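All remarks here apply to the structure that follows.
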Amino acid sequence: MNKICFIGAGNLATQLSVSLQREGFAIEQIFSRTEKTAGELAARLNTEFTCDPEAITREADMYFVALKDAAFEKVLHKIDFQDSLVVHCSGSMPLSVISGCSANTGVFYPLQTFSKTREVDFRSVPVFVESDSEGNRHMLIRVAKKIAEHVSVMNSEKRKILHISAVFACNFVNHLYTLSSEILNSKDIPFDVIKPLIEETTRKVQVMDPEKAQTGPAVRFDKKIISDHVEQLSGFPGYAELYNSLSKSIFEHHQKSK
Ligand SMILES: NC(=O)c1ccc[n+]([C@@H]2O[C@H](COP(=O)([O-])OP(=O)(O)OC[C@H]3O[C@@H](n4cnc5c(N)ncnc54)[C@H](OP(=O)(O)O)[C@@H]3O)[C@@H](O)[C@H]2O)c1
């Protein structure tokens, strides 16, 4: 199970293919819809690329599908995988979404945030695998353990919950950093000033229950400060609504847990 083809050349495909190649896997080919992204990743890996689904190699032992979830249906039916092992990397798509692609299918879900330009140490990334066949499950565990230390088996239903949790813990939090940065920039304050606070918030939940770590006007139910902040946010369309909604969630959550 050494020859690999990537279907997709985005954030995850980039970091995963680089890590697999580093551990001795042969990345035979990259497929993506645009020549730019397919070509860039292929050049980085010193391998072939194609944008034609019919020109996808039949020589690979394993195909990693790392496409935008909404593109699965449109792209996958055009590819003849024969009966090679086809795995997707999505948190929320069930295993069954690729069951028509091959007799051998699976899921390989790394729980981390990946960007093309940011190197990630895959060793510390938890990987969750799934397959209907015991043989393929073992194969996926073996491949995952070559690049990652924490490998577990998880079904599609639980993986979806994991993904929702990740959206809250990573994607939403990161969006709030973006808004925080814009609020600071409106008064020419650099985002750097808030980085120690971000670091401590992240460090604190490594050792404390996040519920117990909550601070701020909403958990204190400080109505005066909340309405003052909302007024200040009038120049940022939509921000006051989000501020109120999150404050309400914090307040209600902490009232319930009292
Ligand atoms: N990024 C993460 O942090 C992360 C973490 C864990 C799992 N995943 C999973 O990995 C998979 C890929 O995510 P990603 O973040 O790597 O996505 P991405 O960077 O946006 O890359 C998406 C890939 O899908 C292709 N694509 C997008 N729209 C398409 C369309 N309409 N038709 C055909 N191809 C299309 C893109 O092609 P072009 O670039 O050629 O346009 C690109 O190859 C998803 O299943 C995601 O759930 C991602």
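Letters A, B, ... mark the chains of the structure tokens in the order given; residue numbers begin at 1 per chain; ligand numbers begin at 1, in order shown.
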Quiz item: Near Ser115 in chain A, counting only C-alpha atoms, which residues have an atom at most 9 Å away, once you skip same-chain residues fewer than 3 positions from it, shown as a list in words?
Solution: Gly10, Asn11, Leu12, Thr14, Gln15, Arg118, Glu119 and Val120 of chain A
Each chain A residue no farther than 8 Å from ligand 1, nearest pair in Å, only C-alpha atoms and all ligand atoms, as JSON lines:
```
{"residue": "A:Ile7", "atom": "CA", "partner": "ligand 1", "partner_atom_place_in_ligand_line": "43 (O)", "distance": 7.0}
{"residue": "A:Gly8", "atom": "CA", "partner": "ligand 1", "partner_atom_place_in_ligand_line": "43 (O)", "distance": 3.4}
{"residue": "A:Ala9", "atom": "CA", "partner": "ligand 1", "partner_atom_place_in_ligand_line": "43 (O)", "distance": 3.9}
{"residue": "A:Gly10", "atom": "CA", "partner": "ligand 1", "partner_atom_place_in_ligand_line": "19 (O)", "distance": 3.3}
{"residue": "A:Asn11", "atom": "CA", "partner": "ligand 1", "partner_atom_place_in_ligand_line": "16 (O)", "distance": 3.7}
{"residue": "A:Leu12", "atom": "CA", "partner": "ligand 1", "partner_atom_place_in_ligand_line": "16 (O)", "distance": 3.8}
{"residue": "A:Ala13", "atom": "CA", "partner": "ligand 1", "partner_atom_place_in_ligand_line": "16 (O)", "distance": 5.6}
{"residue": "A:Thr14", "atom": "CA", "partner": "ligand 1", "partner_atom_place_in_ligand_line": "16 (O)", "distance": 7.5}
{"residue": "A:Phe31", "atom": "CA", "partner": "ligand 1", "partner_atom_place_in_ligand_line": "43 (O)", "distance": 7.6}
{"residue": "A:Ser32", "atom": "CA", "partner": "ligand 1", "partner_atom_place_in_ligand_line": "40 (O)", "distance": 4.4}
{"residue": "A:Arg33", "atom": "CA", "partner": "ligand 1", "partner_atom_place_in_ligand_line": "40 (O)", "distance": 4.1}
{"residue": "A:Thr34", "atom": "CA", "partner": "ligand 1", "partner_atom_place_in_ligand_line": "40 (O)", "distance": 3.8}
{"residue": "A:Glu35", "atom": "CA", "partner": "ligand 1", "partner_atom_place_in_ligand_line": "40 (O)", "distance": 6.7}
{"residue": "A:Lys36", "atom": "CA", "partner": "ligand 1", "partner_atom_place_in_ligand_line": "40 (O)", "distance": 6.9}
{"residue": "A:Thr37", "atom": "CA", "partner": "ligand 1", "partner_atom_place_in_ligand_line": "39 (O)", "distance": 5.0}
{"residue": "A:Ala38", "atom": "CA", "partner": "ligand 1", "partner_atom_place_in_ligand_line": "40 (O)", "distance": 6.1}
{"residue": "A:Val65", "atom": "CA", "partner": "ligand 1", "partner_atom_place_in_ligand_line": "11 (C)", "distance": 7.3}
{"residue": "A:Ala66", "atom": "CA", "partner": "ligand 1", "partner_atom_place_in_ligand_line": "11 (C)", "distance": 4.1}
{"residue": "A:Leu67", "atom": "CA", "partner": "ligand 1", "partner_atom_place_in_ligand_line": "24 (O)", "distance": 3.5}
{"residue": "A:Lys68", "atom": "CA", "partner": "ligand 1", "partner_atom_place_in_ligand_line": "24 (O)", "distance": 4.2}
{"residue": "A:Asp69", "atom": "CA", "partner": "ligand 1", "partner_atom_place_in_ligand_line": "45 (O)", "distance": 4.8}
{"residue": "A:Ala70", "atom": "CA", "partner": "ligand 1", "partner_atom_place_in_ligand_line": "31 (N)", "distance": 7.0}
{"residue": "A:Ala71", "atom": "CA", "partner": "ligand 1", "partner_atom_place_in_ligand_line": "30 (C)", "distance": 4.7}
{"residue": "A:Phe72", "atom": "CA", "partner": "ligand 1", "partner_atom_place_in_ligand_line": "33 (C)", "distance": 7.6}
{"residue": "A:Lys74", "atom": "CA", "partner": "ligand 1", "partner_atom_place_in_ligand_line": "32 (N)", "distance": 6.6}
{"residue": "A:Val75", "atom": "CA", "partner": "ligand 1", "partner_atom_place_in_ligand_line": "33 (C)", "distance": 6.0}
{"residue": "A:His88", "atom": "CA", "partner": "ligand 1", "partner_atom_place_in_ligand_line": "45 (O)", "distance": 6.7}
{"residue": "A:Cys89", "atom": "CA", "partner": "ligand 1", "partner_atom_place_in_ligand_line": "9 (C)", "distance": 4.9}
{"residue": "A:Ser90", "atom": "CA", "partner": "ligand 1", "partner_atom_place_in_ligand_line": "45 (O)", "distance": 3.6}
{"residue": "A:Gly91", "atom": "CA", "partner": "ligand 1", "partner_atom_place_in_ligand_line": "47 (O)", "distance": 5.4}
{"residue": "A:Ser92", "atom": "CA", "partner": "ligand 1", "partner_atom_place_in_ligand_line": "47 (O)", "distance": 6.9}
{"residue": "A:Met93", "atom": "CA", "partner": "ligand 1", "partner_atom_place_in_ligand_line": "45 (O)", "distance": 7.6}
{"residue": "A:Tyr109", "atom": "CA", "partner": "ligand 1", "partner_atom_place_in_ligand_line": "7 (C)", "distance": 5.8}
{"residue": "A:Pro110", "atom": "CA", "partner": "ligand 1", "partner_atom_place_in_ligand_line": "6 (C)", "distance": 5.2}
{"residue": "A:Leu111", "atom": "CA", "partner": "ligand 1", "partner_atom_place_in_ligand_line": "6 (C)", "distance": 5.5}
{"residue": "A:Gln112", "atom": "CA", "partner": "ligand 1", "partner_atom_place_in_ligand_line": "5 (C)", "distance": 5.4}
{"residue": "A:Thr113", "atom": "CA", "partner": "ligand 1", "partner_atom_place_in_ligand_line": "3 (O)", "distance": 3.4}
{"residue": "A:Phe114", "atom": "CA", "partner": "ligand 1", "partner_atom_place_in_ligand_line": "3 (O)", "distance": 3.7}
{"residue": "A:Ser115", "atom": "CA", "partner": "ligand 1", "partner_atom_place_in_ligand_line": "1 (N)", "distance": 6.0}
{"residue": "A:Lys116", "atom": "CA", "partner": "ligand 1", "partner_atom_place_in_ligand_line": "19 (O)", "distance": 7.4}
```
Practice problem: Find the spatial neighbours of Ile194 in chain A, counting only C-alpha atoms, within a cut-off of 9 Å - ignore same-chain residues fewer than 5 positions away - and output them as a list in words. | Solution: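 Final neighbour list, sorted by chain and number: Ser180, Ser181 and Glu199 of chain A.
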Quiz prompt | Gap from CA of Val18 in chain A to CA of Arg58 in chain A - Å, one decimal | solution =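 CA of Arg58 in chain A lies at a distance of 21.2 Å from CA of Val18 in chain A.
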Range 16-203 of chain A: which residues are helix (DSSP H, G or I) by DSSP, as a tab-separated table (two decimals) with N, CA and C atoms, in the first residue's frame?
```tsv
chain	number	residue	atom	x	y	z
A	16	LEU	N	-1.13	16.70	4.08
A	16	LEU	CA	-1.14	15.23	4.23
A	16	LEU	C	-0.18	14.57	3.23
A	17	SER	N	-0.19	15.04	1.98
A	17	SER	CA	0.68	14.41	0.98
A	17	SER	C	2.15	14.65	1.32
A	18	VAL	N	2.46	15.84	1.80
A	18	VAL	CA	3.86	16.15	2.17
A	18	VAL	C	4.30	15.23	3.32
A	19	SER	N	3.42	15.05	4.30
A	19	SER	CA	3.77	14.20	5.45
A	19	SER	C	3.92	12.74	5.04
A	20	LEU	N	3.03	12.26	4.17
A	20	LEU	CA	3.11	10.86	3.72
A	20	LEU	C	4.38	10.63	2.90
A	21	GLN	N	4.68	11.60	2.04
A	21	GLN	CA	5.89	11.45	1.21
A	21	GLN	C	7.15	11.41	2.09
A	22	ARG	N	7.15	12.25	3.12
A	22	ARG	CA	8.30	12.30	4.03
A	22	ARG	C	8.52	10.95	4.71
A	35	GLU	N	-5.50	23.71	-12.99
A	35	GLU	CA	-4.10	23.40	-13.25
A	35	GLU	C	-3.19	24.07	-12.21
A	36	LYS	N	-3.60	25.27	-11.78
A	36	LYS	CA	-2.76	26.03	-10.84
A	36	LYS	C	-2.53	25.24	-9.55
A	37	THR	N	-3.62	24.83	-8.90
A	37	THR	CA	-3.44	24.17	-7.59
A	37	THR	C	-2.85	22.77	-7.75
A	38	ALA	N	-3.32	22.04	-8.79
A	38	ALA	CA	-2.78	20.68	-9.00
A	38	ALA	C	-1.28	20.78	-9.30
A	39	GLY	N	-0.92	21.74	-10.19
A	39	GLY	CA	0.47	21.90	-10.60
A	39	GLY	C	1.37	22.33	-9.45
A	40	GLU	N	0.86	23.23	-8.62
A	40	GLU	CA	1.68	23.72	-7.49
A	40	GLU	C	2.01	22.59	-6.52
A	41	LEU	N	0.99	21.78	-6.19
A	41	LEU	CA	1.25	20.69	-5.24
A	41	LEU	C	2.15	19.62	-5.88
A	42	ALA	N	1.88	19.31	-7.16
A	42	ALA	CA	2.71	18.30	-7.84
A	42	ALA	C	4.17	18.76	-7.89
A	43	ALA	N	4.39	20.06	-8.12
A	43	ALA	CA	5.76	20.57	-8.17
A	43	ALA	C	6.42	20.43	-6.80
A	44	ARG	N	5.66	20.71	-5.76
A	44	ARG	CA	6.20	20.60	-4.40
A	44	ARG	C	6.61	19.16	-4.08
A	45	LEU	N	5.85	18.21	-4.65
A	45	LEU	CA	6.11	16.79	-4.36
A	45	LEU	C	6.97	16.14	-5.43
A	53	PRO	N	-10.34	13.86	-15.04
A	53	PRO	CA	-10.65	12.68	-14.22
A	53	PRO	C	-10.35	11.37	-14.94
A	54	GLU	N	-10.47	11.39	-16.28
A	54	GLU	CA	-10.21	10.14	-17.03
A	54	GLU	C	-8.73	9.82	-17.12
A	55	ALA	N	-7.88	10.81	-16.84
A	55	ALA	CA	-6.43	10.57	-16.91
A	55	ALA	C	-5.84	10.22	-15.54
A	69	ASP	N	-16.28	19.19	0.44
A	69	ASP	CA	-17.32	18.18	0.61
A	69	ASP	C	-18.41	18.27	-0.47
A	70	ALA	N	-18.80	19.51	-0.81
A	70	ALA	CA	-19.89	19.71	-1.77
A	70	ALA	C	-19.51	19.24	-3.18
A	71	ALA	N	-18.21	19.00	-3.44
A	71	ALA	CA	-17.77	18.61	-4.79
A	71	ALA	C	-17.68	17.09	-4.96
A	72	PHE	N	-17.84	16.33	-3.88
A	72	PHE	CA	-17.70	14.86	-3.96
A	72	PHE	C	-18.53	14.28	-5.10
A	73	GLU	N	-19.84	14.62	-5.06
A	73	GLU	CA	-20.78	13.99	-5.98
A	73	GLU	C	-20.42	14.31	-7.43
A	74	LYS	N	-20.09	15.59	-7.64
A	74	LYS	CA	-19.81	16.07	-8.99
A	74	LYS	C	-18.56	15.41	-9.59
A	75	VAL	N	-17.56	15.16	-8.75
A	75	VAL	CA	-16.25	14.70	-9.25
A	75	VAL	C	-16.11	13.17	-9.23
A	76	LEU	N	-16.51	12.53	-8.13
A	76	LEU	CA	-16.12	11.14	-7.92
A	76	LEU	C	-16.69	10.14	-8.93
A	95	LEU	N	-19.12	7.56	5.73
A	95	LEU	CA	-18.35	6.61	4.91
A	95	LEU	C	-19.15	6.24	3.66
A	96	SER	N	-20.49	6.11	3.82
A	96	SER	CA	-21.34	5.64	2.72
A	96	SER	C	-21.30	6.55	1.50
A	97	VAL	N	-20.86	7.78	1.65
A	97	VAL	CA	-20.86	8.71	0.52
A	97	VAL	C	-19.91	8.26	-0.60
A	98	ILE	N	-18.92	7.43	-0.25
A	98	ILE	CA	-18.01	6.95	-1.29
A	98	ILE	C	-18.16	5.44	-1.54
A	122	PHE	N	2.49	16.44	11.86
A	122	PHE	CA	1.44	15.44	11.81
A	122	PHE	C	1.51	14.45	12.97
A	123	ARG	N	2.70	14.29	13.56
A	123	ARG	CA	2.86	13.34	14.69
A	123	ARG	C	1.84	13.63	15.80
A	124	SER	N	1.56	14.93	16.02
A	124	SER	CA	0.68	15.29	17.13
A	124	SER	C	-0.78	15.43	16.72
A	134	GLU	N	-12.58	-5.10	7.95
A	134	GLU	CA	-11.53	-5.16	8.98
A	134	GLU	C	-10.14	-5.01	8.37
A	135	GLY	N	-9.97	-5.65	7.20
A	135	GLY	CA	-8.67	-5.58	6.51
A	135	GLY	C	-8.32	-4.14	6.16
A	136	ASN	N	-9.29	-3.43	5.60
A	136	ASN	CA	-9.03	-2.03	5.22
A	136	ASN	C	-8.83	-1.14	6.45
A	137	ARG	N	-9.56	-1.47	7.51
A	137	ARG	CA	-9.41	-0.70	8.76
A	137	ARG	C	-7.96	-0.84	9.26
A	138	HIS	N	-7.48	-2.07	9.25
A	138	HIS	CA	-6.09	-2.29	9.70
A	138	HIS	C	-5.10	-1.59	8.79
A	139	MET	N	-5.41	-1.61	7.49
A	139	MET	CA	-4.52	-0.94	6.53
A	139	MET	C	-4.46	0.56	6.82
A	140	LEU	N	-5.64	1.15	7.10
A	140	LEU	CA	-5.69	2.60	7.38
A	140	LEU	C	-4.96	2.93	8.68
A	141	ILE	N	-5.10	2.06	9.67
A	141	ILE	CA	-4.41	2.29	10.94
A	141	ILE	C	-2.89	2.24	10.70
A	142	ARG	N	-2.48	1.28	9.88
A	142	ARG	CA	-1.04	1.12	9.60
A	142	ARG	C	-0.49	2.38	8.89
A	143	VAL	N	-1.24	2.85	7.90
A	143	VAL	CA	-0.80	4.06	7.16
A	143	VAL	C	-0.78	5.26	8.11
A	144	ALA	N	-1.87	5.42	8.88
A	144	ALA	CA	-1.97	6.58	9.78
A	144	ALA	C	-0.84	6.57	10.81
A	145	LYS	N	-0.50	5.38	11.32
A	145	LYS	CA	0.54	5.31	12.35
A	145	LYS	C	1.94	5.65	11.83
A	146	LYS	N	2.10	5.60	10.52
A	146	LYS	CA	3.39	6.00	9.93
A	146	LYS	C	3.62	7.51	10.10
A	147	ILE	N	2.49	8.28	10.14
A	147	ILE	CA	2.68	9.73	10.22
A	147	ILE	C	2.17	10.34	11.52
A	156	SER	N	-19.04	7.05	11.52
A	156	SER	CA	-19.44	8.30	10.86
A	156	SER	C	-20.28	9.20	11.77
A	157	GLU	N	-21.15	8.57	12.56
A	157	GLU	CA	-22.05	9.35	13.42
A	157	GLU	C	-21.25	10.15	14.47
A	158	LYS	N	-20.30	9.45	15.11
A	158	LYS	CA	-19.48	10.13	16.14
A	158	LYS	C	-18.55	11.16	15.50
A	159	ARG	N	-18.03	10.83	14.30
A	159	ARG	CA	-17.10	11.75	13.64
A	159	ARG	C	-17.79	13.08	13.32
A	160	LYS	N	-19.09	12.99	12.97
A	160	LYS	CA	-19.82	14.23	12.66
A	160	LYS	C	-19.89	15.12	13.91
A	161	ILE	N	-20.12	14.50	15.06
A	161	ILE	CA	-20.17	15.26	16.32
A	161	ILE	C	-18.80	15.89	16.60
A	162	LEU	N	-17.75	15.11	16.33
A	162	LEU	CA	-16.39	15.62	16.51
A	162	LEU	C	-16.17	16.86	15.63
A	163	HIS	N	-16.69	16.78	14.40
A	163	HIS	CA	-16.51	17.89	13.47
A	163	HIS	C	-17.28	19.13	13.93
A	164	ILE	N	-18.51	18.92	14.43
A	164	ILE	CA	-19.29	20.08	14.92
A	164	ILE	C	-18.54	20.74	16.07
A	165	SER	N	-18.01	19.90	16.96
A	165	SER	CA	-17.25	20.42	18.10
A	165	SER	C	-16.02	21.20	17.61
A	166	ALA	N	-15.38	20.68	16.56
A	166	ALA	CA	-14.20	21.36	16.01
A	166	ALA	C	-14.56	22.70	15.38
A	167	VAL	N	-15.75	22.77	14.79
A	167	VAL	CA	-16.20	24.05	14.20
A	167	VAL	C	-16.34	25.10	15.31
A	168	PHE	N	-16.90	24.69	16.45
A	168	PHE	CA	-17.02	25.63	17.58
A	168	PHE	C	-15.63	26.00	18.12
A	169	ALA	N	-14.79	24.97	18.36
A	169	ALA	CA	-13.51	25.21	19.06
A	169	ALA	C	-12.45	25.87	18.18
A	170	CYS	N	-12.56	25.70	16.87
A	170	CYS	CA	-11.51	26.24	15.99
A	170	CYS	C	-12.06	27.28	15.01
A	171	ASN	N	-13.00	26.87	14.16
A	171	ASN	CA	-13.43	27.77	13.08
A	171	ASN	C	-14.12	29.03	13.62
A	172	PHE	N	-15.04	28.84	14.58
A	172	PHE	CA	-15.74	30.01	15.12
A	172	PHE	C	-14.77	30.90	15.92
A	173	VAL	N	-13.94	30.25	16.72
A	173	VAL	CA	-12.98	31.02	17.53
A	173	VAL	C	-12.06	31.83	16.61
A	174	ASN	N	-11.61	31.20	15.52
A	174	ASN	CA	-10.73	31.92	14.60
A	174	ASN	C	-11.45	33.10	13.94
A	175	HIS	N	-12.74	32.90	13.64
A	175	HIS	CA	-13.51	34.01	13.05
A	175	HIS	C	-13.61	35.17	14.05
A	176	LEU	N	-13.77	34.81	15.31
A	176	LEU	CA	-13.85	35.86	16.34
A	176	LEU	C	-12.51	36.61	16.45
A	177	TYR	N	-11.39	35.91	16.20
A	177	TYR	CA	-10.08	36.60	16.15
A	177	TYR	C	-10.10	37.64	15.03
A	178	THR	N	-10.70	37.26	13.88
A	178	THR	CA	-10.76	38.18	12.74
A	178	THR	C	-11.54	39.44	13.12
A	179	LEU	N	-12.69	39.24	13.78
A	179	LEU	CA	-13.50	40.39	14.18
A	179	LEU	C	-12.77	41.24	15.22
A	180	SER	N	-12.12	40.53	16.15
A	180	SER	CA	-11.36	41.22	17.19
A	180	SER	C	-10.27	42.10	16.56
A	181	SER	N	-9.61	41.56	15.55
A	181	SER	CA	-8.55	42.30	14.85
A	181	SER	C	-9.13	43.54	14.16
A	182	GLU	N	-10.30	43.39	13.53
A	182	GLU	CA	-10.92	44.54	12.84
A	182	GLU	C	-11.33	45.63	13.84
A	183	ILE	N	-11.85	45.21	14.99
A	183	ILE	CA	-12.26	46.19	16.01
A	183	ILE	C	-11.03	46.97	16.48
A	184	LEU	N	-9.92	46.27	16.71
A	184	LEU	CA	-8.68	46.94	17.13
A	184	LEU	C	-8.17	47.89	16.05
A	185	ASN	N	-8.16	47.38	14.81
A	185	ASN	CA	-7.63	48.18	13.70
A	185	ASN	C	-8.41	49.48	13.48
A	191	PHE	N	-3.09	44.06	16.26
A	191	PHE	CA	-3.61	42.77	16.75
A	191	PHE	C	-2.63	42.13	17.74
A	192	ASP	N	-1.35	42.46	17.59
A	192	ASP	CA	-0.31	41.90	18.48
A	192	ASP	C	-0.61	42.12	19.97
A	193	VAL	N	-1.27	43.24	20.32
A	193	VAL	CA	-1.49	43.53	21.74
A	193	VAL	C	-2.35	42.47	22.41
A	194	ILE	N	-3.18	41.81	21.61
A	194	ILE	CA	-4.13	40.86	22.21
A	194	ILE	C	-3.61	39.41	22.19
A	195	LYS	N	-2.46	39.20	21.55
A	195	LYS	CA	-1.94	37.82	21.41
A	195	LYS	C	-1.62	37.14	22.75
A	196	PRO	N	-1.07	37.85	23.76
A	196	PRO	CA	-0.86	37.17	25.05
A	196	PRO	C	-2.17	36.67	25.67
A	197	LEU	N	-3.25	37.44	25.47
A	197	LEU	CA	-4.56	37.03	25.98
A	197	LEU	C	-5.05	35.76	25.26
A	198	ILE	N	-4.84	35.73	23.95
A	198	ILE	CA	-5.24	34.55	23.16
A	198	ILE	C	-4.44	33.33	23.64
A	199	GLU	N	-3.14	33.53	23.84
A	199	GLU	CA	-2.28	32.41	24.29
A	199	GLU	C	-2.73	31.87	25.63
A	200	GLU	N	-3.01	32.76	26.58
A	200	GLU	CA	-3.40	32.31	27.92
A	200	GLU	C	-4.78	31.63	27.89
A	201	THR	N	-5.69	32.14	27.07
A	201	THR	CA	-7.02	31.53	26.95
A	201	THR	C	-6.87	30.08	26.46
A	202	THR	N	-5.99	29.88	25.50
A	202	THR	CA	-5.77	28.54	24.94
A	202	THR	C	-5.07	27.64	25.94
A	203	ARG	N	-4.07	28.22	26.66
A	203	ARG	CA	-3.32	27.42	27.65
A	203	ARG	C	-4.21	27.01	28.82
```
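Taking CA of Met208 in chain A as the reference point, CA of Val151 in chain A is found at 24.9 Å.
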Exercise. Taking the chain letters and numbering used in this document, name the residues of range 88-216 of chain A that DSSP puts in strand (DSSP E), as a list in words.
Key: His88, Asn104, Thr105, Gly106, Val107, Phe108, Tyr109, Pro110, Val127, Phe128, Val129, Glu130, Val151, Ser152 and Val153 of chain A
What would the file look like if the residues just selected were written as an mmCIF file, in the first residue's frame with C-alpha atoms?
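Dumped to out-v2.cif:
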```cif
data_model
loop_
_atom_site.group_PDB
_atom_site.id
_atom_site.type_symbol
_atom_site.label_atom_id
_atom_site.label_comp_id
_atom_site.auth_asym_id
_atom_site.auth_seq_id
_atom_site.Cartn_x
_atom_site.Cartn_y
_atom_site.Cartn_z
ATOM 1 C CA HIS A 88 -12.141 10.478 2.096
ATOM 2 C CA ASN A 104 -12.703 -0.929 -0.748
ATOM 3 C CA THR A 105 -13.467 2.338 0.974
ATOM 4 C CA GLY A 106 -12.639 4.132 4.189
ATOM 5 C CA VAL A 107 -12.272 7.420 6.025
ATOM 6 C CA PHE A 108 -9.055 9.069 7.191
ATOM 7 C CA TYR A 109 -9.951 12.153 9.255
ATOM 8 C CA PRO A 110 -7.135 14.188 10.809
ATOM 9 C CA VAL A 127 -6.319 10.686 13.179
ATOM 10 C CA PHE A 128 -9.735 8.959 13.111
ATOM 11 C CA VAL A 129 -10.208 6.109 10.656
ATOM 12 C CA GLU A 130 -13.235 4.094 9.583
ATOM 13 C CA VAL A 151 -4.828 6.879 15.700
ATOM 14 C CA SER A 152 -8.364 5.740 16.612
ATOM 15 C CA VAL A 153 -11.288 4.030 14.935
#
```
Self-check item: CA of Val87 in chain A to CA of Met62 in chain A, straight-line distance in Å
Solution: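 CA of Met62 in chain A sits 7.7 Å away from CA of Val87 in chain A.
If you measure from each of A:Glu59, A:Asp80, A:Glu211, A:Asp228 to Lys256 in chain A using only C-alpha atoms, the closest one turns out to be A:Glu211.
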